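First up is the structure itself, then whatever we jot down about it.
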Amino acid sequence: MRPVLSRGPALVALVLLAHVVGCGLFKPRNPLPGGGPGSSCLTPNTPDNVVVNVIDHYAAVNGITCYTSMLDPTFAFHPDAADSIEALPDTVFANWNRDVESRVVSNIASDATFHVAVFDSQYAATITSPDQRTQTRFYAYHLVIHSSKPDTLYRGHADITFFQGSDAQWHITQWIDRRDSSGSRTWGYLRSIYRVGF
């Protein structure tokens with residue numbers, strides 16, 4: 001005679017399994033905002049990853065932490081000479097370090113309703129140091145910002161120096177802004193009009 005098995009525990013197990021699968025336990029989670037785990041802020045283990053983070057996160061409220069983490073503590077921004085002269089007697093570009101850049105990008109992000117940053121091409125060959133830990137790249141860029149300010153399209157050249165630290169991660173140490181032949185305002189000009197309140 002065969003033993004009679006109770007079907008109750010097996011039925012309960014099947015119902016629980018269906019509930020767990022249906023609740024999304026095995027579905028991927030949405031990225032967290034603000035550069036935390038699960039966000040699209042790439043680890044800066046190559047200069048290319050730093051560039052992607054700049055393009056994707058500049059002027060975005062939820063990208064400020066990612067963008068500013070790409071800046072080395074020694075970061076310095078240098079405007080186009082003509083922009084600097086045009087700003088006189090104001091010395092808005094003086095002592096532009098990481099702290100200034102972080103506050104300016106926060107001001108831009110809080111005012112912008114739409115933004116697109118693009119490095120269109122490299123207009124000169126990359127310069128790499130003999131120890132391979134420093135690179136200077138020469139980008140032609142355009143930037144579109146919709147905000148309370150009148151200009152929305154900015155174009156120019158950015159000479160950006162990347163440095164690889166002892167942790168093998170790359171950060172931006174220097175950004176030199178230059179006008180191009182388009183006659184458009186530069187990224188440096190955009191920065192200057194948001195250096196307010198400090």
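Going by the structure tokens order, chains are called A, B, ..., each with residues numbered from 1, while ligands are numbered from 1 in the order shown.
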
Considering only C-alpha atoms, return as a ChimeraX atom specification whatever protein or nucleic-acid residues lie within 10 Å of Val92 (chain A), sequence-local ones (same chain, fewer than 2 positions apart) excluded.
/A:84,87-90,94-96,191-196

Export N, CA, C and O atoms of the chosen residues as a PDB file, in the first residue's frame?
```
ATOM      1  N   SER A  84      38.535  86.746 -20.804  1.00  0.00           N
ATOM      2  CA  SER A  84      39.064  87.354 -19.584  1.00  0.00           C
ATOM      3  C   SER A  84      39.165  88.872 -19.723  1.00  0.00           C
ATOM      4  O   SER A  84      38.754  89.620 -18.834  1.00  0.00           O
ATOM      5  N   ALA A  87      35.770  90.616 -19.708  1.00  0.00           N
ATOM      6  CA  ALA A  87      35.137  90.681 -18.386  1.00  0.00           C
ATOM      7  C   ALA A  87      35.660  91.835 -17.533  1.00  0.00           C
ATOM      8  O   ALA A  87      35.029  92.203 -16.539  1.00  0.00           O
ATOM      9  N   LEU A  88      36.811  92.397 -17.882  1.00  0.00           N
ATOM     10  CA  LEU A  88      37.404  93.463 -17.076  1.00  0.00           C
ATOM     11  C   LEU A  88      36.463  94.663 -16.969  1.00  0.00           C
ATOM     12  O   LEU A  88      35.711  94.944 -17.912  1.00  0.00           O
ATOM     13  N   PRO A  89      36.445  95.398 -15.857  1.00  0.00           N
ATOM     14  CA  PRO A  89      37.379  95.286 -14.733  1.00  0.00           C
ATOM     15  C   PRO A  89      37.046  94.169 -13.755  1.00  0.00           C
ATOM     16  O   PRO A  89      37.742  93.958 -12.774  1.00  0.00           O
ATOM     17  N   ASP A  90      35.964  93.434 -14.016  1.00  0.00           N
ATOM     18  CA  ASP A  90      35.623  92.298 -13.159  1.00  0.00           C
ATOM     19  C   ASP A  90      36.692  91.222 -13.290  1.00  0.00           C
ATOM     20  O   ASP A  90      37.182  90.954 -14.387  1.00  0.00           O
ATOM     21  N   ALA A  94      39.345  84.898 -11.765  1.00  0.00           N
ATOM     22  CA  ALA A  94      40.499  84.764 -10.867  1.00  0.00           C
ATOM     23  C   ALA A  94      40.350  83.571  -9.925  1.00  0.00           C
ATOM     24  O   ALA A  94      39.254  83.281  -9.439  1.00  0.00           O
ATOM     25  N   ASN A  95      41.456  82.886  -9.702  1.00  0.00           N
ATOM     26  CA  ASN A  95      41.525  81.793  -8.710  1.00  0.00           C
ATOM     27  C   ASN A  95      40.443  80.738  -8.913  1.00  0.00           C
ATOM     28  O   ASN A  95      39.801  80.295  -7.970  1.00  0.00           O
ATOM     29  N   TRP A  96      40.270  80.319 -10.166  1.00  0.00           N
ATOM     30  CA  TRP A  96      39.207  79.346 -10.479  1.00  0.00           C
ATOM     31  C   TRP A  96      39.713  77.945 -10.171  1.00  0.00           C
ATOM     32  O   TRP A  96      40.397  77.323 -10.974  1.00  0.00           O
ATOM     33  N   ARG A 191      30.344  79.732 -17.766  1.00  0.00           N
ATOM     34  CA  ARG A 191      30.786  79.589 -16.375  1.00  0.00           C
ATOM     35  C   ARG A 191      30.811  80.946 -15.681  1.00  0.00           C
ATOM     36  O   ARG A 191      30.378  81.077 -14.532  1.00  0.00           O
ATOM     37  N   SER A 192      31.339  81.955 -16.376  1.00  0.00           N
ATOM     38  CA  SER A 192      31.518  83.262 -15.726  1.00  0.00           C
ATOM     39  C   SER A 192      30.207  83.890 -15.290  1.00  0.00           C
ATOM     40  O   SER A 192      30.147  84.550 -14.255  1.00  0.00           O
ATOM     41  N   ILE A 193      29.138  83.711 -16.061  1.00  0.00           N
ATOM     42  CA  ILE A 193      27.872  84.357 -15.690  1.00  0.00           C
ATOM     43  C   ILE A 193      27.166  83.629 -14.543  1.00  0.00           C
ATOM     44  O   ILE A 193      26.192  84.156 -13.990  1.00  0.00           O
ATOM     45  N   TYR A 194      27.653  82.465 -14.167  1.00  0.00           N
ATOM     46  CA  TYR A 194      27.094  81.744 -13.031  1.00  0.00           C
ATOM     47  C   TYR A 194      28.012  81.777 -11.806  1.00  0.00           C
ATOM     48  O   TYR A 194      27.726  81.139 -10.802  1.00  0.00           O
ATOM     49  N   ARG A 195      29.094  82.532 -11.889  1.00  0.00           N
ATOM     50  CA  ARG A 195      29.916  82.709 -10.679  1.00  0.00           C
ATOM     51  C   ARG A 195      29.349  83.884  -9.908  1.00  0.00           C
ATOM     52  O   ARG A 195      29.850  84.998  -9.935  1.00  0.00           O
ATOM     53  N   VAL A 196      28.268  83.616  -9.241  1.00  0.00           N
ATOM     54  CA  VAL A 196      27.548  84.647  -8.488  1.00  0.00           C
ATOM     55  C   VAL A 196      27.271  84.136  -7.079  1.00  0.00           C
ATOM     56  O   VAL A 196      27.170  82.934  -6.845  1.00  0.00           O
TER      57      VAL A 196
END
```

Helix (DSSP H, G or I) per DSSP on the backbone: members of region 160-194 of chain A, as a PyMOL selection string
chain A and resi 187-193

What is the distance, in Å and to one decimal place, between CA of Leu143 (chain A) and CA of Ala117 (chain A)?
4.4 Å

Hey, can you check how far CA of Gly165 (chain A) sits from CA of Asp80 (chain A)?
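Distance between the two atoms: 27.7 Å.
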
As an exercise, work out the distance from CA of Ser147 (chain A) to CA of Trp175 (chain A) in Å and give it to one decimal place.
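CA of Ser147 (chain A) sits 23.6 Å away from CA of Trp175 (chain A).
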
Which is closest to Asp159 (chain A) among A:Thr134, A:Thr68, A:Ser110, A:Thr126, if we use only C-alpha atoms?
A:Thr126

Going by DSSP on the backbone, which residues of region 51-142 of chain A come out as strand (DSSP E or B)? List them as a ChimeraX atom specification.
/A:71-78,97,114-128,134-142

Neighbour list for Phe75 (chain A) as JSON, numbers by chain, cut-off 10 Å, only C-alpha atoms, skip fewer than 5 positions in-chain
{"A": [70, 96, 97, 98, 99, 100, 101, 161, 162, 171, 172, 173, 174, 175]}

Contacts of His115 (chain A) within 8 Å, only C-alpha atoms, excl. fewer than 2 positions in-chain, as JSON, numbers by chain:
{"A": [59, 60, 112, 113, 117, 143, 144, 145, 146]}
